[in-house]
$ cat protein-v5.txt   # compact mmCIF, C-alpha atoms
# COMPACT_ATOMS: atom_id res chain seq x y z
CA MET A 1483 0.00 0.00 0.00
CA TYR A 1484 2.75 2.45 0.93
CA THR A 1485 5.37 0.84 -1.32
CA LYS A 1486 6.00 3.94 -3.44
CA GLN A 1487 6.35 6.16 -0.39
CA ILE A 1488 8.79 3.73 1.22
CA ILE A 1489 10.87 3.60 -1.98
CA ALA A 1490 10.94 7.41 -2.18
CA LEU A 1491 11.97 7.68 1.46
CA ALA A 1492 14.69 5.03 0.96
CA LEU A 1493 16.07 6.95 -2.02
CA LEU A 1494 16.18 10.18 -0.02
CA LEU A 1495 17.91 8.37 2.83
CA CYS A 1496 20.49 6.90 0.42
CA VAL A 1497 21.27 10.34 -1.00
CA HIS A 1498 21.68 11.74 2.51
CA ILE A 1499 23.87 8.86 3.71
CA SER A 1500 26.08 8.89 0.61
CA ASN A 1501 26.72 12.59 1.10
CA GLY A 1502 27.93 11.83 4.63
CA LEU A 1503 30.11 8.86 3.71
CA LEU A 1504 31.84 10.10 0.57
CA ARG A 1505 34.45 12.59 1.61
CA ARG A 1506 36.95 13.20 -1.16
CA CYS A 1507 38.68 16.34 -2.32
CA TYR A 1508 40.20 17.38 -5.60
CA GLN A 1509 43.98 17.66 -5.36
CA CYS A 1510 45.90 19.69 -7.95
CA ARG A 1511 47.91 22.86 -8.53
CA SER A 1512 48.14 25.18 -11.54
CA ARG A 1513 50.05 28.39 -12.21
CA SER A 1514 48.67 30.97 -14.69
CA GLU A 1515 47.41 29.23 -17.85
CA LEU A 1516 49.47 26.08 -17.22
CA GLY A 1517 47.71 23.03 -15.81
CA SER A 1518 44.07 22.08 -15.41
CA CYS A 1519 43.51 23.11 -11.79
CA LYS A 1520 42.66 26.74 -12.58
CA ASP A 1521 39.17 28.21 -12.67
CA PRO A 1522 36.85 27.46 -14.27
CA PHE A 1523 37.32 23.92 -13.01
CA THR A 1524 35.17 21.79 -15.29
CA PHE A 1525 36.07 18.28 -14.19
CA ASN A 1526 33.99 15.75 -12.30
CA ALA A 1527 35.04 12.64 -10.38
CA THR A 1528 35.28 10.42 -13.46
CA ASP A 1529 37.07 13.01 -15.62
CA VAL A 1530 40.00 13.35 -13.23
CA GLU A 1531 40.99 9.72 -13.68
CA ASN A 1532 42.21 10.59 -17.19
CA GLU A 1533 43.60 14.06 -16.45
CA PRO A 1534 47.28 14.22 -15.41
CA GLY A 1535 47.98 16.29 -12.32
CA ILE A 1536 44.43 16.13 -10.93
CA SER A 1537 43.14 13.48 -8.55
CA ALA A 1538 40.17 12.88 -6.27
CA ILE A 1539 41.70 11.82 -2.96
CA PRO A 1540 40.02 10.49 0.22
CA CYS A 1541 39.90 13.11 2.95
CA ALA A 1542 39.65 11.95 6.57
CA SER A 1543 38.67 15.37 7.92
CA GLY A 1544 35.94 15.85 5.31
CA TRP A 1545 37.16 19.42 4.71
CA CYS A 1546 38.43 20.50 1.31
CA GLY A 1547 40.25 23.69 0.47
CA LYS A 1548 40.95 25.89 -2.50
CA VAL A 1549 43.75 28.47 -2.43
CA ILE A 1550 44.15 31.26 -4.97
CA GLU A 1551 47.56 32.89 -4.78
CA GLY A 1552 48.43 35.83 -6.98
CA GLY A 1553 47.88 39.49 -7.80
CA GLY A 1554 46.26 41.93 -5.40
CA ALA A 1555 42.72 41.56 -6.74
CA TYR A 1556 43.06 37.80 -7.33
CA ALA A 1557 41.93 38.38 -10.89
CA VAL A 1558 41.21 35.38 -13.09
CA ASP A 1559 43.48 36.70 -15.85
CA ASP A 1560 46.42 37.32 -13.49
CA TYR A 1561 49.53 35.93 -15.19
CA ASP A 1562 51.23 34.81 -11.98
CA GLN A 1563 48.13 33.39 -10.32
CA ALA A 1564 48.29 29.91 -8.77
CA VAL A 1565 45.31 27.76 -7.84
CA GLN A 1566 45.62 24.82 -5.50
CA ARG A 1567 42.91 22.38 -4.40
CA MET A 1568 43.49 20.00 -1.51
CA CYS A 1569 42.23 18.18 1.58
CA VAL A 1570 42.79 20.21 4.73
CA GLN A 1571 43.46 18.68 8.15
CA ARG A 1572 40.63 20.57 9.81
CA GLY A 1573 38.04 23.15 8.90
CA PRO A 1574 36.99 26.35 10.63
CA ASP A 1575 36.13 26.13 14.33
CA ASP A 1576 32.47 26.97 13.68
CA ASN A 1577 32.14 24.26 10.98
CA GLN A 1578 30.90 26.78 8.40
CA ASP A 1579 31.96 26.79 4.74
CA ARG A 1580 33.65 30.07 3.87
CA CYS A 1581 36.10 31.99 1.70
CA ALA A 1582 38.36 34.80 2.91
CA ASN A 1583 41.65 36.57 2.39
CA THR A 1584 44.27 35.06 4.67
CA VAL A 1585 47.95 34.15 4.99
CA TYR A 1586 48.93 30.63 3.94
CA ASN A 1587 52.56 29.44 3.82
CA TYR A 1588 53.69 33.03 4.51
CA LYS A 1589 51.81 34.38 1.45
CA LYS A 1590 48.65 36.45 1.13
CA VAL A 1591 46.02 34.25 -0.52
CA TYR A 1592 42.28 33.89 -0.99
CA MET A 1593 41.27 30.58 0.63
CA CYS A 1594 38.01 28.66 0.66
CA PHE A 1595 36.95 25.84 2.97
CA CYS A 1596 34.07 23.49 2.26
CA GLN A 1597 32.79 20.26 3.72
CA GLY A 1598 31.47 17.53 1.45
CA ASP A 1599 32.40 15.17 -1.31
CA LEU A 1600 34.50 16.90 -4.00
CA CYS A 1601 33.21 20.30 -2.91
CA ASN A 1602 36.41 22.23 -3.75
CA LYS A 1603 35.61 22.84 -7.37
CA ALA A 1604 34.84 26.27 -8.79
CA SER A 1605 31.12 26.05 -8.17
CA VAL A 1606 28.96 24.44 -5.52
CA ILE A 1607 25.82 24.64 -7.64
CA GLY A 1608 25.89 20.91 -8.45
CA LYS A 1609 25.01 19.81 -4.92
CA THR A 1610 22.37 22.54 -4.65
CA ILE A 1611 20.71 21.50 -7.89
CA LEU A 1612 20.75 17.81 -6.93
CA THR A 1613 19.14 18.54 -3.56
CA PHE A 1614 16.55 20.75 -5.22
CA LEU A 1615 15.68 18.16 -7.89
CA VAL A 1616 15.34 15.33 -5.37
CA THR A 1617 13.12 17.44 -3.12
CA ILE A 1618 10.90 18.58 -5.99
CA SER A 1619 10.65 15.02 -7.31
CA VAL A 1620 9.48 13.73 -3.93
CA PHE A 1621 6.87 16.46 -3.58
CA LEU A 1622 5.61 15.93 -7.14
CA TYR A 1623 5.46 12.20 -6.59
CA LYS A 1624 3.62 12.59 -3.30
CA TYR A 1625 1.19 15.09 -4.84
CA SER A 1626 0.45 12.89 -7.85
CA TYR A 1627 0.08 9.82 -5.61
CA SER A 1628 -2.39 11.59 -3.30
CA GLU A 1629 -4.43 12.67 -6.36
CA MET A 1630 -4.84 9.01 -7.36
CA ILE A 1631 -6.44 8.04 -4.06

$ encode --input "protein-v5.txt" --output "structure tokens"
Amino acid sequence: MYTKQIIALALLLCVHISNGLLRRCYQCRSRSELGSCKDPFTFNATDVENEPGISAIPCASGWCGKVIEGGGAYAVDDYDQAVQRMCVQRGPDDNQDRCANTVYNYKKVYMCFCQGDLCNKASVIGKTILTFLVTISVFLYKYSYSEMI
């Protein structure tokens, strides 16, 4: 009787659990136009297997980082700009994702911290869209199912 609702709930639970279990970060470094680590970062988990210099590594802390080192305004077209993506040992004390100007390895940089599987890419819209689509699908399914009864 409630088979469809149980399946929908199980799928939502699987999505939630997989987000908690999979904690990997992109690891790479690029300087100026050399390398594939720079923004925009267009790779996904399967693409990096075939791209030299980029890997998706397990991250015990669950916190990924992205460091942009270069000119004063951290401009995308800065010739001497370096971008590095990595797993960090620990995130901010308040456990909030954030980006800020800071000092890293004795250099002024723009650094971002995020928590989640492969979250240190240029955009975090992928996870937002997935969450939105799953939520909308469940509501549409529930609405259409209740109309049948």

$ closest_residue --input "protein-v5.txt" --among "A:Val1565, A:Val1530, A:Cys1594, A:Ala1582" --to "Ser1512 (chain A)" --atoms "only C-alpha atoms"
A:Val1565

$ closest_residue --input "protein-v5.txt" --among "A:Ala1527, A:Leu1600, A:Ile1550, A:Cys1581" --to "Gln1563 (chain A)" --atoms "all atoms listed in the file"
A:Ile1550

$ axis_aligned_box --input "protein-v5.txt" --around "region 1538-1550 of chain A" --padding-each-side "5 Å" --output "lines of an AutoDock Vina configuration file"
center_x = 40.0
center_y = 20.9
center_z = 0.8
size_x = 18.2
size_y = 30.8
size_z = 24.2

$ residues_around --input "protein-v5.txt" --residues "Asp1579 (chain A)" --least-positions-apart "6" --cutoff "7 Å" --atoms "only C-alpha atoms" --output "CSV table (one decimal) with C-alpha atoms, in the coordinates of the input"
chain,number,residue,atom,x,y,z
A,1595,PHE,CA,37.0,25.8,3.0
A,1596,CYS,CA,34.1,23.5,2.3
A,1597,GLN,CA,32.8,20.3,3.7

$ closest_residue --input "protein-v5.txt" --among "A:Thr1524, A:Asn1602, A:Asn1577, A:Ser1537" --to "Gln1509 (chain A)" --atoms "only C-alpha atoms"
A:Ser1537

$ residues_around --input "protein-v5.txt" --residues "Cys1510 (chain A)" --least-positions-apart "2" --cutoff "6 Å" --atoms "only C-alpha atoms" --output "PDB file with C-alpha atoms, in the coordinates of the input"
ATOM      1  CA  CYS A1519      43.510  23.110 -11.790  1.00  0.00           C
ATOM      2  CA  GLY A1535      47.980  16.290 -12.320  1.00  0.00           C
ATOM      3  CA  ILE A1536      44.430  16.130 -10.930  1.00  0.00           C
ATOM      4  CA  GLN A1566      45.620  24.820  -5.500  1.00  0.00           C
ATOM      5  CA  ARG A1567      42.910  22.380  -4.400  1.00  0.00           C
TER       6      ARG A1567
END
